[in-house]
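Working notes, beginning with the structure itself.
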Amino acid sequence: MNHHYPLADQLQANTHQVENQPPPLENYNSYTADRALQEGVNRESGSDDDAPLKTFGQWAGSAEAIALGVEANRYSPQLATHDRQGHRVDLIEFHPAYHQLMQTAIESGLHASPWRKPQPGAHVNRAARYFLQAQVEAGHGCPITMTFAALPALRHQPSLLVEWGDKVTAPHYDPRNVPYYEKQGVTLGMAMTEKQGGSDVRLNTTRAYPIDQSGPGEAFELVGHKWFVSAPMCDAFLVLAQAPGGLSCFLLPRWRPDGSKNPLHIQQLKRKMGNVSNASSETELRGAFAWMVGDEGRGVRTIIEMVAMTRYDCMIGSAAGMRQATAQAIHHASHRHAFGARLSEQPLMQNVLADLAIESEAATTLMLRMARAMDHQDNEHECLLSRIATPVGKYWICKRTPHHAYEAMEVIGGSGVMETHIMARLFRESPINAIWEGSGNVQCLDILRAIEKQPEVLDAYFAELAKAQGANGHLDRFIHQLQRQMQDTQALQYRARQLADGMALALQGALLVQHAPTYVADAFCAGRLTDRSGLNTGTLPTGLDCAAIIQRARPVEYEPLE
């Protein structure tokens, strides 16, 4: 026997070498690789000092960060209602990866930086960080978003803001199960929906009983149920309940001020198809202690600012999902060969990839424009624009994400369906934001409500579109047609989705025409704003520079074929 060769070679057990398989997309800078994001941040923030974002992007694209997202979803949260002695504890146990992601998010200010350090571009920079971190893992963004959105609601009750404000905005993550007053930093959640009402919170049956006297800032006991409470390990929750004076808003801590456990009893964790790392629960309030926030009977008005901010974050999160899916699809097609050529260089695949890329860039551009509006709420135009464009953007971007994720998964093929690939998680995550914080119908009705109550929001919207007038014939005709549709007041509710579709497309087109390269704006307008526009991805008209669009969206460079 010849002993000079390994036994495996002698037995011919090595059947093949692995070839034509793309490497994992990792250890790259997800900020500097995203030209649309970089340009948008510099434009909308009014500053080209984005060094901190470059550092953050290096972390977000690292193999270590990506592994945290995988682990946080592989090991889902577990509920312990009682300890081994039989005491009620209502604890959720998370994988350490979840806590690491939470710590990074809070130390990076994703939960509060515009409130703690208000400065020019604060919302834009925070949106960009959220966008990058959501590409790593989306589920932990729920408590981050709710904490971020809670502060505007707390401002309605100055006495509570004094006690809680600094802890809410502190860049300090403390997951310990101890009373809020023992912590430097806290997280806040919200509990509004009930079984019988869902989005119609005025049907809530949870009752609030004054402990001493009724009124803003006073203590109450709450009795009732909440059907969907996400992140039940938050330190306190903004809750809607029926007080003697009507539906009111309350701040309900997990621990009473005397250090005893507040009877917010977790009945079960929801088994969701997506957002697996985030614990979502059904709870019972059995005499739970809470303080009234804002005026009695004005609970919806008090909490509506929080809802608006969570919808804004849904827009950012879905735009992030689109970007990650686009990056994965282009990366795969750039390293994969089929039928004698590189996939990304084949005409039909270029049509698909370019279509995915312009959808992603349009979403990124719109969410950053809304971030600038958030930075300038003292400006009447920006305030009016954000009132109407937030539900428009939330509706459209979140609704486009599932189809976008599916098409990106199809580019990758069978391996994209596997749970070992991030695309499977992106696809399962893709419908969540369209449903949470108000479904598509709720957003459309909110658009109509805004126009009815404050007609000047529509003037602000069309003034924003006018900034792009004359630059693209398709866009000009589309805007003119939209104006005629908006003047028709017949069956408005029935047509609300059609109007919201048009408003979103016109706004995205106007922004791209002003700010994106001509080849991107031309592709968007020709592919989205004409009568011949196709419904399916990969139906862009001819004559577009698809190769340039793909190159702009490419996450990492690759070696060209010899």
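We name chains A, B, ... following the order of the structure tokens; residues begin at 1 in each chain, and ligands are numbered from 1 as shown.
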
Practice task
Using only C-alpha atoms, determine which residues lie at most 8 Å from Lys270 in chain A, disregarding the query and same-chain residues fewer than 3 positions distant; provide the list as a PyMOL selection string.
Solution key: chain A and resi 279-282

Problem - All strand (DSSP E) positions in range 144-372 of chain A, as a ChimeraX atom specification - result: /A:188-191,207-210,219-230,236-243,246-253,264-269,280-293,337-338,341-342

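Atom to atom, CA of Leu492 in chain A and CA of Thr390 in chain A stand 19.4 Å apart.
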
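If you measure from each of A:Cys249, A:Ala496, A:Ala408, A:Ala521 to Arg202 in chain A using only C-alpha atoms, the closest one turns out to be A:Cys249.
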
Problem - Shell of 8 Å around range 59-65 of chain A, only C-alpha atoms, local chain residues under 4 positions omitted, as a PyMOL selection string - result: chain A and resi 26-30+55+69+132-133+135-136

Dump N, CA, C and O atoms for the selected residues as a PDB file, in the first residue's frame?
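Once everything was written out, this is again12.pdb:
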```
ATOM      1  N   GLU A  26     -20.399  39.705   4.929  1.00  0.00           N
ATOM      2  CA  GLU A  26     -20.040  40.084   6.291  1.00  0.00           C
ATOM      3  C   GLU A  26     -18.671  40.739   6.289  1.00  0.00           C
ATOM      4  O   GLU A  26     -17.939  40.688   5.290  1.00  0.00           O
ATOM      5  N   ASN A  27     -18.338  41.365   7.411  1.00  0.00           N
ATOM      6  CA  ASN A  27     -17.080  42.091   7.560  1.00  0.00           C
ATOM      7  C   ASN A  27     -16.918  43.153   6.477  1.00  0.00           C
ATOM      8  O   ASN A  27     -15.898  43.256   5.797  1.00  0.00           O
ATOM      9  N   TYR A  28     -17.960  43.936   6.318  1.00  0.00           N
ATOM     10  CA  TYR A  28     -17.946  45.095   5.430  1.00  0.00           C
ATOM     11  C   TYR A  28     -18.583  46.252   6.197  1.00  0.00           C
ATOM     12  O   TYR A  28     -19.199  46.041   7.248  1.00  0.00           O
ATOM     13  N   ASN A  29     -18.429  47.462   5.698  1.00  0.00           N
ATOM     14  CA  ASN A  29     -19.001  48.631   6.355  1.00  0.00           C
ATOM     15  C   ASN A  29     -20.355  48.930   5.727  1.00  0.00           C
ATOM     16  O   ASN A  29     -20.436  49.391   4.590  1.00  0.00           O
ATOM     17  N   SER A  30     -21.429  48.634   6.443  1.00  0.00           N
ATOM     18  CA  SER A  30     -22.767  48.756   5.865  1.00  0.00           C
ATOM     19  C   SER A  30     -23.200  50.210   5.687  1.00  0.00           C
ATOM     20  O   SER A  30     -24.202  50.471   5.016  1.00  0.00           O
ATOM     21  N   THR A  55     -18.019  54.551  11.778  1.00  0.00           N
ATOM     22  CA  THR A  55     -17.612  53.591  12.821  1.00  0.00           C
ATOM     23  C   THR A  55     -18.740  52.624  13.138  1.00  0.00           C
ATOM     24  O   THR A  55     -18.529  51.413  13.271  1.00  0.00           O
ATOM     25  N   GLY A  69     -27.528  38.786  15.679  1.00  0.00           N
ATOM     26  CA  GLY A  69     -28.868  38.734  15.130  1.00  0.00           C
ATOM     27  C   GLY A  69     -29.357  37.310  14.929  1.00  0.00           C
ATOM     28  O   GLY A  69     -30.517  36.986  15.197  1.00  0.00           O
ATOM     29  N   LEU A 132     -29.210  51.140  10.196  1.00  0.00           N
ATOM     30  CA  LEU A 132     -28.086  50.199  10.142  1.00  0.00           C
ATOM     31  C   LEU A 132     -28.285  49.054  11.129  1.00  0.00           C
ATOM     32  O   LEU A 132     -28.029  47.888  10.807  1.00  0.00           O
ATOM     33  N   GLN A 133     -28.724  49.371  12.339  1.00  0.00           N
ATOM     34  CA  GLN A 133     -28.873  48.319  13.343  1.00  0.00           C
ATOM     35  C   GLN A 133     -30.053  47.412  13.023  1.00  0.00           C
ATOM     36  O   GLN A 133     -30.008  46.210  13.298  1.00  0.00           O
ATOM     37  N   GLN A 135     -30.859  46.362  10.221  1.00  0.00           N
ATOM     38  CA  GLN A 135     -30.393  45.379   9.239  1.00  0.00           C
ATOM     39  C   GLN A 135     -29.690  44.206   9.919  1.00  0.00           C
ATOM     40  O   GLN A 135     -29.642  43.108   9.370  1.00  0.00           O
ATOM     41  N   VAL A 136     -29.160  44.438  11.106  1.00  0.00           N
ATOM     42  CA  VAL A 136     -28.542  43.361  11.880  1.00  0.00           C
ATOM     43  C   VAL A 136     -29.626  42.489  12.495  1.00  0.00           C
ATOM     44  O   VAL A 136     -29.585  41.252  12.412  1.00  0.00           O
TER      45      VAL A 136
END
```
